[in-house]
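J.: Here it is, the structure, as structure tokens.
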Amino acid sequence: VQLQASGGGLVQAGGSLRLSCAASGRAFSSYAMAWFRQAPGKEREFVSAISRSGGSTGYADSVKGRFIISRENAKNSVFLQMNILKPEDTAVYYCAGQNVVSSRWYSTLAGSYGYWGQGTLVTVSS
């Protein structure tokens, strides 16, 4: 599967953005999906993940209550709605996927995902 992230941009603190990740290839519904981010000078970190069925989701503590992950398997897409953005949310955001058997599985570890998009830059100004 190939992943294409989009939706990044410049936004003021307190604003919102919606990231999209479009997947090409077959059987998107068999992929658990996740968002990671990497700020300048920092390591890549987990943001959010969703199981292949959409029934299980997970969030980093830093975004819990502000970000919402969702997916539309019929459109081969996963989304990240980001609200109440903070300057510390500034980073390149990557979508990642892994085909799995379990309908409820997802991982917070980057190494668990074999497919990655190219990243989209989110800049939050203070």
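In the structure tokens, the first chain shown is A, the next is B, and so on; residue numbers restart at 1 for each chain, and ligands run from 1 in the order shown.
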Find the nearest atom pair between each residue of region 22-50 of chain A and region 99-104 of chain A for residues within 7 Å, count only C-alpha atoms, give distances in Å to one decimal, sort rows by chain and ascending number, and present the table as CSV.
T.:
residue,atom,partner,partner_atom,distance
A:Ser30,CA,A:Asn99,CA,5.3
A:Tyr31,CA,A:Asn99,CA,4.0
A:Ala32,CA,A:Asn99,CA,6.2
J.: Those same residues - N, CA, C and O atoms - I'd like them written as a PDB file, in the first residue's frame.
T.:
ATOM      1  N   SER A  30      -7.807  -3.893   5.855  1.00  0.00           N
ATOM      2  CA  SER A  30      -7.030  -4.849   6.641  1.00  0.00           C
ATOM      3  C   SER A  30      -5.836  -4.195   7.326  1.00  0.00           C
ATOM      4  O   SER A  30      -5.040  -4.876   7.964  1.00  0.00           O
ATOM      5  N   TYR A  31      -5.735  -2.882   7.201  1.00  0.00           N
ATOM      6  CA  TYR A  31      -4.596  -2.147   7.751  1.00  0.00           C
ATOM      7  C   TYR A  31      -4.976  -1.372   9.005  1.00  0.00           C
ATOM      8  O   TYR A  31      -5.930  -0.574   8.991  1.00  0.00           O
ATOM      9  N   ALA A  32      -4.231  -1.590  10.070  1.00  0.00           N
ATOM     10  CA  ALA A  32      -4.262  -0.661  11.185  1.00  0.00           C
ATOM     11  C   ALA A  32      -3.466   0.566  10.766  1.00  0.00           C
ATOM     12  O   ALA A  32      -2.454   0.449  10.071  1.00  0.00           O
TER      13      ALA A  32
END
J.: Can you tell me, as a list in words, what residues are no more than 10 Å from Ser29 (chain A) when counting only C-alpha atoms, ignoring any on the same chain fewer than 3 positions away?
T.: Arg26, Ala32, Met33, Ser51, Arg52, Ser53, Gly54, Arg71, Glu72, Asn73, Ala74, Lys75, Asn76, Ser77, Asn99, Val100 and Ser103 of chain A
J.: Keeping N, CA and C atoms, export the residues of the selection given above as a PDB file, in the first residue's frame.
T.:
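Saved file out16.pdb follows:
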ATOM      1  N   ARG A  26      -4.752  -2.396  -2.503  1.00  0.00           N
ATOM      2  CA  ARG A  26      -5.907  -3.188  -2.109  1.00  0.00           C
ATOM      3  C   ARG A  26      -6.015  -3.371  -0.611  1.00  0.00           C
ATOM      4  N   ALA A  32      -4.231  -1.590  10.070  1.00  0.00           N
ATOM      5  CA  ALA A  32      -4.262  -0.661  11.185  1.00  0.00           C
ATOM      6  C   ALA A  32      -3.466   0.566  10.766  1.00  0.00           C
ATOM      7  N   MET A  33      -3.915   1.735  11.202  1.00  0.00           N
ATOM      8  CA  MET A  33      -3.293   2.980  10.768  1.00  0.00           C
ATOM      9  C   MET A  33      -2.904   3.842  11.963  1.00  0.00           C
ATOM     10  N   SER A  51      -7.544   0.955  14.838  1.00  0.00           N
ATOM     11  CA  SER A  51      -7.541  -0.418  14.359  1.00  0.00           C
ATOM     12  C   SER A  51      -8.168  -0.500  12.971  1.00  0.00           C
ATOM     13  N   ARG A  52      -8.021  -1.640  12.348  1.00  0.00           N
ATOM     14  CA  ARG A  52      -8.537  -1.814  10.989  1.00  0.00           C
ATOM     15  C   ARG A  52     -10.039  -1.649  10.930  1.00  0.00           C
ATOM     16  N   SER A  53     -10.714  -1.995  11.995  1.00  0.00           N
ATOM     17  CA  SER A  53     -12.168  -1.873  12.021  1.00  0.00           C
ATOM     18  C   SER A  53     -12.619  -0.474  12.434  1.00  0.00           C
ATOM     19  N   GLY A  54     -11.701   0.278  13.006  1.00  0.00           N
ATOM     20  CA  GLY A  54     -12.064   1.587  13.555  1.00  0.00           C
ATOM     21  C   GLY A  54     -12.616   1.503  14.960  1.00  0.00           C
ATOM     22  N   ARG A  71     -11.459   6.872  10.344  1.00  0.00           N
ATOM     23  CA  ARG A  71     -11.145   6.273   9.043  1.00  0.00           C
ATOM     24  C   ARG A  71     -12.425   5.996   8.273  1.00  0.00           C
ATOM     25  N   GLU A  72     -12.296   6.017   6.968  1.00  0.00           N
ATOM     26  CA  GLU A  72     -13.376   5.632   6.066  1.00  0.00           C
ATOM     27  C   GLU A  72     -12.812   4.588   5.121  1.00  0.00           C
ATOM     28  N   ASN A  73     -13.062   3.344   5.429  1.00  0.00           N
ATOM     29  CA  ASN A  73     -12.477   2.266   4.640  1.00  0.00           C
ATOM     30  C   ASN A  73     -12.978   2.280   3.195  1.00  0.00           C
ATOM     31  N   ALA A  74     -14.193   2.719   2.999  1.00  0.00           N
ATOM     32  CA  ALA A  74     -14.735   2.772   1.637  1.00  0.00           C
ATOM     33  C   ALA A  74     -13.996   3.789   0.778  1.00  0.00           C
ATOM     34  N   LYS A  75     -13.348   4.772   1.452  1.00  0.00           N
ATOM     35  CA  LYS A  75     -12.600   5.802   0.727  1.00  0.00           C
ATOM     36  C   LYS A  75     -11.099   5.617   0.883  1.00  0.00           C
ATOM     37  N   ASN A  76     -10.692   4.495   1.468  1.00  0.00           N
ATOM     38  CA  ASN A  76      -9.256   4.219   1.654  1.00  0.00           C
ATOM     39  C   ASN A  76      -8.538   5.375   2.341  1.00  0.00           C
ATOM     40  N   SER A  77      -9.160   5.911   3.366  1.00  0.00           N
ATOM     41  CA  SER A  77      -8.599   7.098   3.996  1.00  0.00           C
ATOM     42  C   SER A  77      -8.665   7.036   5.518  1.00  0.00           C
ATOM     43  N   ASN A  99      -0.715  -4.062   7.740  1.00  0.00           N
ATOM     44  CA  ASN A  99      -1.818  -5.013   7.574  1.00  0.00           C
ATOM     45  C   ASN A  99      -1.774  -6.051   8.698  1.00  0.00           C
ATOM     46  N   VAL A 100      -2.924  -6.272   9.276  1.00  0.00           N
ATOM     47  CA  VAL A 100      -3.025  -7.122  10.452  1.00  0.00           C
ATOM     48  C   VAL A 100      -4.255  -8.016  10.354  1.00  0.00           C
ATOM     49  N   SER A 103      -8.913  -7.393  14.306  1.00  0.00           N
ATOM     50  CA  SER A 103      -9.721  -6.219  14.001  1.00  0.00           C
ATOM     51  C   SER A 103      -9.562  -5.125  15.043  1.00  0.00           C
TER      52      SER A 103
END
J.: Could you pull the residues within 9 Å of Cys21 (chain A), counting only C-alpha atoms, minus those fewer than 6 positions along the same chain, as a PyMOL selection string?
T.: chain A and resi 3-7+76-80+94-96+117
J.: Export C-alpha atoms of the chosen residues as a PDB file, in the first residue's frame?
T.:
ATOM      1  CA  LEU A   3       0.213   6.332   1.682  1.00  0.00           C
ATOM      2  CA  GLN A   4      -0.179  10.031   0.881  1.00  0.00           C
ATOM      3  CA  ALA A   5      -0.631  12.499   3.735  1.00  0.00           C
ATOM      4  CA  SER A   6      -2.105  15.942   3.217  1.00  0.00           C
ATOM      5  CA  GLY A   7      -3.804  18.774   5.047  1.00  0.00           C
ATOM      6  CA  ASN A  76      -9.256   4.219   1.654  1.00  0.00           C
ATOM      7  CA  SER A  77      -8.599   7.098   3.996  1.00  0.00           C
ATOM      8  CA  VAL A  78      -7.687   7.888   7.570  1.00  0.00           C
ATOM      9  CA  PHE A  79      -8.056  11.301   9.152  1.00  0.00           C
ATOM     10  CA  LEU A  80      -6.689  13.240  12.088  1.00  0.00           C
ATOM     11  CA  TYR A  94       3.372  11.042   9.088  1.00  0.00           C
ATOM     12  CA  CYS A  95       0.705   8.452   8.520  1.00  0.00           C
ATOM     13  CA  ALA A  96       1.673   4.823   8.845  1.00  0.00           C
ATOM     14  CA  GLY A 117       3.562   8.285   3.940  1.00  0.00           C
TER      15      GLY A 117
END
J.: Quick one: pull the distance between CA of Trp105 (chain A) and CA of Thr90 (chain A), Å, one decimal.
T.: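 That distance, rounded to one decimal, is 27.9 Å.
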J.: Per DSSP on the backbone, what are the strand (DSSP E or B) residues of chain A, as a VMD selection string?
T.: chain A and resid 2 to 6 9 to 12 17 to 24 31 to 38 45 to 50 57 to 59 67 to 72 77 to 82 91 to 99 115 to 116 120 to 125
J.: What is the CA of Tyr106 (chain A) to CA of Ser56 (chain A) distance in Å?
T.: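 Atom-to-atom, CA of Tyr106 (chain A) to CA of Ser56 (chain A), that is 7.6 Å.
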J.: Would you work out the distance separating CA of Ala34 (chain A) from CA of Gly97 (chain A), expressed in Å to one decimal?
T.: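 Separating CA of Ala34 (chain A) from CA of Gly97 (chain A) is a distance of 6.3 Å.
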J.: Give the answer as one residue: which of A:Leu109, A:Leu19, A:Arg66, A:Trp116 has the shortest atom-to-atom distance to Phe46 (chain A), using only C-alpha atoms?
T.: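 Among the listed residues, the smallest separation from Phe46 (chain A) belongs to A:Leu109.
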J.: I'd like the contact shell of region 62-65 of chain A - 8 Å cut-off, only C-alpha atoms, skipping same-chain residues fewer than 3 positions apart - returned as JSON, numbers by chain.
T.: {"A": [47, 59, 68]}
